[in-house]
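Asker: Questions regarding the structure given below will be posed in turn.
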Amino acid sequence: AHANITGYTVYRKLKGATSWGSSIATLGNTSLQYVDNSVAVNTNYEYKIIRTTSNLGNGYGYVNAGIEVAMVEDRGRIVLVVDNTFTTSLATELAQLQSDLEGDGWKVLRHDVSRTGPVTGVKSLIVADYNADPTNTKAVIIVGHVPVPYSGSLAPDGHGDHIGAWPADAYYGEMTGNWTDNSVTSVGAADPRNHNAIGDGKFDQTAIPTTVELGVGRIDLANMTDFTQGELALLQAYLLKLHNWKHKLMTAVTRGLVDDNFTGYTDAFAQTAWRGFGPLVGPANVGTPDYMSTTATQSYLWSYGCGGGWPTGSNGIGTTTDFVNTNHQTIFTILFGSYFGDWDYPNDFLRAALCSGNTLSNFWAGYPNWVIHHMGLGETLGYETVVTQ
């Protein structure tokens, strides 16, 4: 415990409730635990703990917990959008994916689309599926280089040469808002991909218009030419390890790694990991070894790395080439640094992790920070995506 801690305040709500209400406990500065005795079996609770200090502001922690919470047998409807380049060549793997999703409790709605079509056409398919059953439609999984929406005039990594439209798959998860292309002109970015002009098919919105309804995940390994296998083989390998994970043919040590090369910044970019990993693997199982050399040989369920970045790497973490040359033994990873959060770039560092070893997911967390604690009680990354967005 830090000497400047002044106390803790505990809040509880039912999972999915929109307000924390009044606190349920106030604890002294030396407290290490809190026992909640007024709970019911098979009830899904969320807790928020606020740590107060004398001179460093507040800290926040979250836990999703319950006793004998029933397994989820019906997760709802999920929209599977496939790049039709791979309809035939990935037929076996896609059938396996659909079967595995059904085994997870999903009803799968599949659409095979052209990678050269307009994003509005893909969106209309998703919206139609959502409108047919908005209560139960929850998520979208994209396989292949399905058309990439771009939107806004922004540079969350803070670089003037990177201000413009960024990839915006949230467009595919936001069902009721108005996305326009009639007002923003932003053509100063170094990469023409980020240029945004009126009528160019890239949207104006820098903020998501309304609350996101669907969690969107993308398995897109196009233009990852530093990996010699090619796009089809990379997708085959990814879908095989995803299947192996779902069937426990591939496992991981329940621990987390945090490699923070932005220490000293008041933004505290690594707080997603520090706040999120403890509830998932236990606070004692979170350590700070080097990201690349450690995960190359040691198994970690969760890992986080951040440092000054460029499209294909991050200071203190590594490069896309490092992922090419090593089979990384981490499952859920998070990487944060400049430029590579704009993931639709050849050999992008964020996507490179998916092409390596056992890694199944990667997201750019720091701007913004994510919540991931619900995964400790069986939730999906898609759910966490919606809550975060």
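Identifiers in this document derive from the order of the structure tokens: chains are assigned A, B, ..., residues are numbered from 1 separately in each chain, and ligands are numbered from 1 in order of occurrence.
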Name the residues of stretch 172-222 of chain A that fall into helix (DSSP H, G or I) according to DSSP on the backbone, using the chain letters and numbers of this document, as a PyMOL selection string.

Answerer: chain A and resi 172+192-194

Asker: One decimal, in Å: what's the spacing between atom CA of A:Asp290 and atom CA of A:Ser303?

Answerer: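 Rounded to one decimal, the two atoms are 10.3 Å apart.
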
Asker: Find the residues around A:Asn64 up to 8 Å (only C-alpha atoms counted), leave out those fewer than 3 positions away in its own chain, and share them as a ChimeraX atom specification.

Answerer: /A:15,44-47,279,373-374,376-377

Asker: Write down as a PyMOL selection string the residues belonging to stretch 2-86 of chain A that are assigned strand (DSSP E or B) by DSSP computed on the backbone.

Answerer: chain A and resi 5-14+25-27+45-53+59-65+76-83

Asker: In Å, how far is it from atom CA of A:Thr6 to atom CA of A:Thr388?

Answerer: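 The value is 28.8 Å.
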
Asker: So how far away is atom CA of A:Ile331 from atom CA of A:Arg275, in Å?

Answerer: 18.4 Å

Asker: List as an MDAnalysis selection string the protein and nucleic acid residues near A:Ala284, meaning an atom at most 10 Å away when only C-alpha atoms are counted, but skip any in the same chain fewer than 4 places from it.

Answerer: chainID A and resid 255:256 278

Asker: For A:Asn223, list every protein, DNA or RNA residue within 12 Å, evaluated using only C-alpha atoms, and leave out those in the same chain fewer than 5 positions away; present the list as a list in words.

Answerer: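 Answer for this query is Gly144, His145, Thr228, Gln229, Gly230, Glu231, Leu232, Leu234, Trp343, Asp344, Tyr345, Pro346, Asn347, Asp348, Phe349, Arg351, Ala352 and Cys355 of chain A.
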
Asker: Within 8 Å of stretch 109-128 of chain A, which residues of stretch 161-223 of chain A come that close, and what is the closest atom pair and distance in Å for each? Count only C-alpha atoms and give it as a tab-separated table.

Answerer:
```
residue	atom	partner	partner_atom	distance
A:Tyr171	CA	A:Lys123	CA	7.8
A:Tyr172	CA	A:Lys123	CA	5.7
A:Met175	CA	A:Val127	CA	6.1
```

Asker: Go ahead and write the residues just picked, all heavy atoms, as a PDB file, in the first residue's frame.

Answerer:
```pdb
ATOM      1  N   TYR A 171     -18.517   2.187 -37.144  1.00  0.00           N
ATOM      2  CA  TYR A 171     -19.600   2.485 -38.102  1.00  0.00           C
ATOM      3  C   TYR A 171     -20.483   1.258 -38.323  1.00  0.00           C
ATOM      4  O   TYR A 171     -21.710   1.378 -38.464  1.00  0.00           O
ATOM      5  CB  TYR A 171     -18.971   2.946 -39.423  1.00  0.00           C
ATOM      6  CG  TYR A 171     -19.889   3.010 -40.611  1.00  0.00           C
ATOM      7  CD1 TYR A 171     -20.843   4.010 -40.745  1.00  0.00           C
ATOM      8  CD2 TYR A 171     -19.783   2.064 -41.640  1.00  0.00           C
ATOM      9  CE1 TYR A 171     -21.673   4.070 -41.859  1.00  0.00           C
ATOM     10  CE2 TYR A 171     -20.592   2.115 -42.758  1.00  0.00           C
ATOM     11  CZ  TYR A 171     -21.536   3.125 -42.867  1.00  0.00           C
ATOM     12  OH  TYR A 171     -22.356   3.182 -43.964  1.00  0.00           O
ATOM     13  N   TYR A 172     -19.871   0.083 -38.336  1.00  0.00           N
ATOM     14  CA  TYR A 172     -20.633  -1.148 -38.556  1.00  0.00           C
ATOM     15  C   TYR A 172     -21.382  -1.604 -37.306  1.00  0.00           C
ATOM     16  O   TYR A 172     -22.185  -2.537 -37.375  1.00  0.00           O
ATOM     17  CB  TYR A 172     -19.698  -2.268 -39.018  1.00  0.00           C
ATOM     18  CG  TYR A 172     -19.196  -2.133 -40.442  1.00  0.00           C
ATOM     19  CD1 TYR A 172     -17.885  -2.514 -40.773  1.00  0.00           C
ATOM     20  CD2 TYR A 172     -20.018  -1.655 -41.457  1.00  0.00           C
ATOM     21  CE1 TYR A 172     -17.420  -2.424 -42.072  1.00  0.00           C
ATOM     22  CE2 TYR A 172     -19.551  -1.553 -42.768  1.00  0.00           C
ATOM     23  CZ  TYR A 172     -18.253  -1.936 -43.070  1.00  0.00           C
ATOM     24  OH  TYR A 172     -17.793  -1.842 -44.361  1.00  0.00           O
ATOM     25  N   MET A 175     -26.102   1.636 -35.066  1.00  0.00           N
ATOM     26  CA  MET A 175     -27.236   1.297 -35.913  1.00  0.00           C
ATOM     27  C   MET A 175     -28.196   2.449 -36.225  1.00  0.00           C
ATOM     28  O   MET A 175     -28.980   2.351 -37.168  1.00  0.00           O
ATOM     29  CB  MET A 175     -28.041   0.151 -35.264  1.00  0.00           C
ATOM     30  CG  MET A 175     -27.273  -1.160 -35.135  1.00  0.00           C
ATOM     31  SD  MET A 175     -26.967  -1.983 -36.729  1.00  0.00           S
ATOM     32  CE  MET A 175     -25.286  -1.447 -37.079  1.00  0.00           C
TER      33      MET A 175
END
```

Asker: Please determine, counting only C-alpha atoms, which residue among A:Gly366, A:Gly160, A:Pro167, A:Gly59 has the shortest atom-to-atom distance to A:Ala273.

Answerer: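 Selected residue with least distance to A:Ala273: A:Gly366.
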
Asker: Would you tabulate, counting only C-alpha atoms, all residues of stretch 222-243 of chain A that have an atom at most 10 Å from an atom of stretch 308-326 of chain A, showing the closest pair of atoms and their distance in Å to one decimal, sorted by chain then ascending number, as CSV?

Answerer:
```
residue,atom,partner,partner_atom,distance
A:Met224,CA,A:Thr320,CA,9.3
A:Asp226,CA,A:Thr321,CA,7.0
A:Phe227,CA,A:Val324,CA,5.8
A:Thr228,CA,A:Val324,CA,8.6
```

Asker: Using only C-alpha atoms, pick whichever of A:Gln298, A:Ser19, A:Asn84, A:Gln33 has the shortest atom-to-atom distance to A:Ile49.

Answerer: A:Gln33

Asker: Can you tell me which residues surround A:Leu360 at a distance of at most 7 Å, considering only C-alpha atoms, apart from same-chain residues fewer than 3 positions away, and format the answer as a PyMOL selection string?

Answerer: chain A and resi 242+331-332+354

Asker: Produce a file of the selected residues containing N, CA, C and O atoms, as an mmCIF file, in the first residue's frame.

Answerer:
```cif
data_model
loop_
_atom_site.group_PDB
_atom_site.id
_atom_site.type_symbol
_atom_site.label_atom_id
_atom_site.label_comp_id
_atom_site.auth_asym_id
_atom_site.auth_seq_id
_atom_site.Cartn_x
_atom_site.Cartn_y
_atom_site.Cartn_z
ATOM 1 N N LEU A 242 -7.829 -20.048 -33.416
ATOM 2 C CA LEU A 242 -9.073 -19.635 -32.765
ATOM 3 C C LEU A 242 -9.920 -20.858 -32.411
ATOM 4 O O LEU A 242 -10.451 -20.965 -31.293
ATOM 5 N N ILE A 331 -2.216 -14.710 -25.517
ATOM 6 C CA ILE A 331 -3.507 -14.893 -26.184
ATOM 7 C C ILE A 331 -4.179 -13.553 -26.475
ATOM 8 O O ILE A 331 -4.398 -13.188 -27.620
ATOM 9 N N PHE A 332 -4.513 -12.826 -25.410
ATOM 10 C CA PHE A 332 -5.162 -11.527 -25.541
ATOM 11 C C PHE A 332 -4.101 -10.455 -25.290
ATOM 12 O O PHE A 332 -3.552 -10.382 -24.189
ATOM 13 N N LEU A 354 -1.573 -10.577 -34.573
ATOM 14 C CA LEU A 354 -2.539 -11.628 -34.905
ATOM 15 C C LEU A 354 -1.947 -12.678 -35.841
ATOM 16 O O LEU A 354 -2.466 -13.790 -35.936
#
```

Asker: Which residues, written as a VMD selection string, have at least one atom at most 10 Å from A:Gly201, with only C-alpha atoms counted and residues fewer than 5 positions away on the same chain left out?

Answerer: chain A and resid 118 to 120 149 to 151 180 to 182 196

Asker: Have a look at A:Glu73, A:Gly61, A:Gly103, A:Ala168 and name the one nearest to A:Lys246; count only C-alpha atoms.

Answerer: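 The answer is A:Gly103, which sits nearest to A:Lys246.
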
Asker: My list of candidates is A:Asp161, A:Asp36, A:Glu384, A:Asp133. Which is closest to A:His195 when distances are computed with only C-alpha atoms?

Answerer: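 Looking at the shortest contact to A:His195, the residue is A:Asp161.
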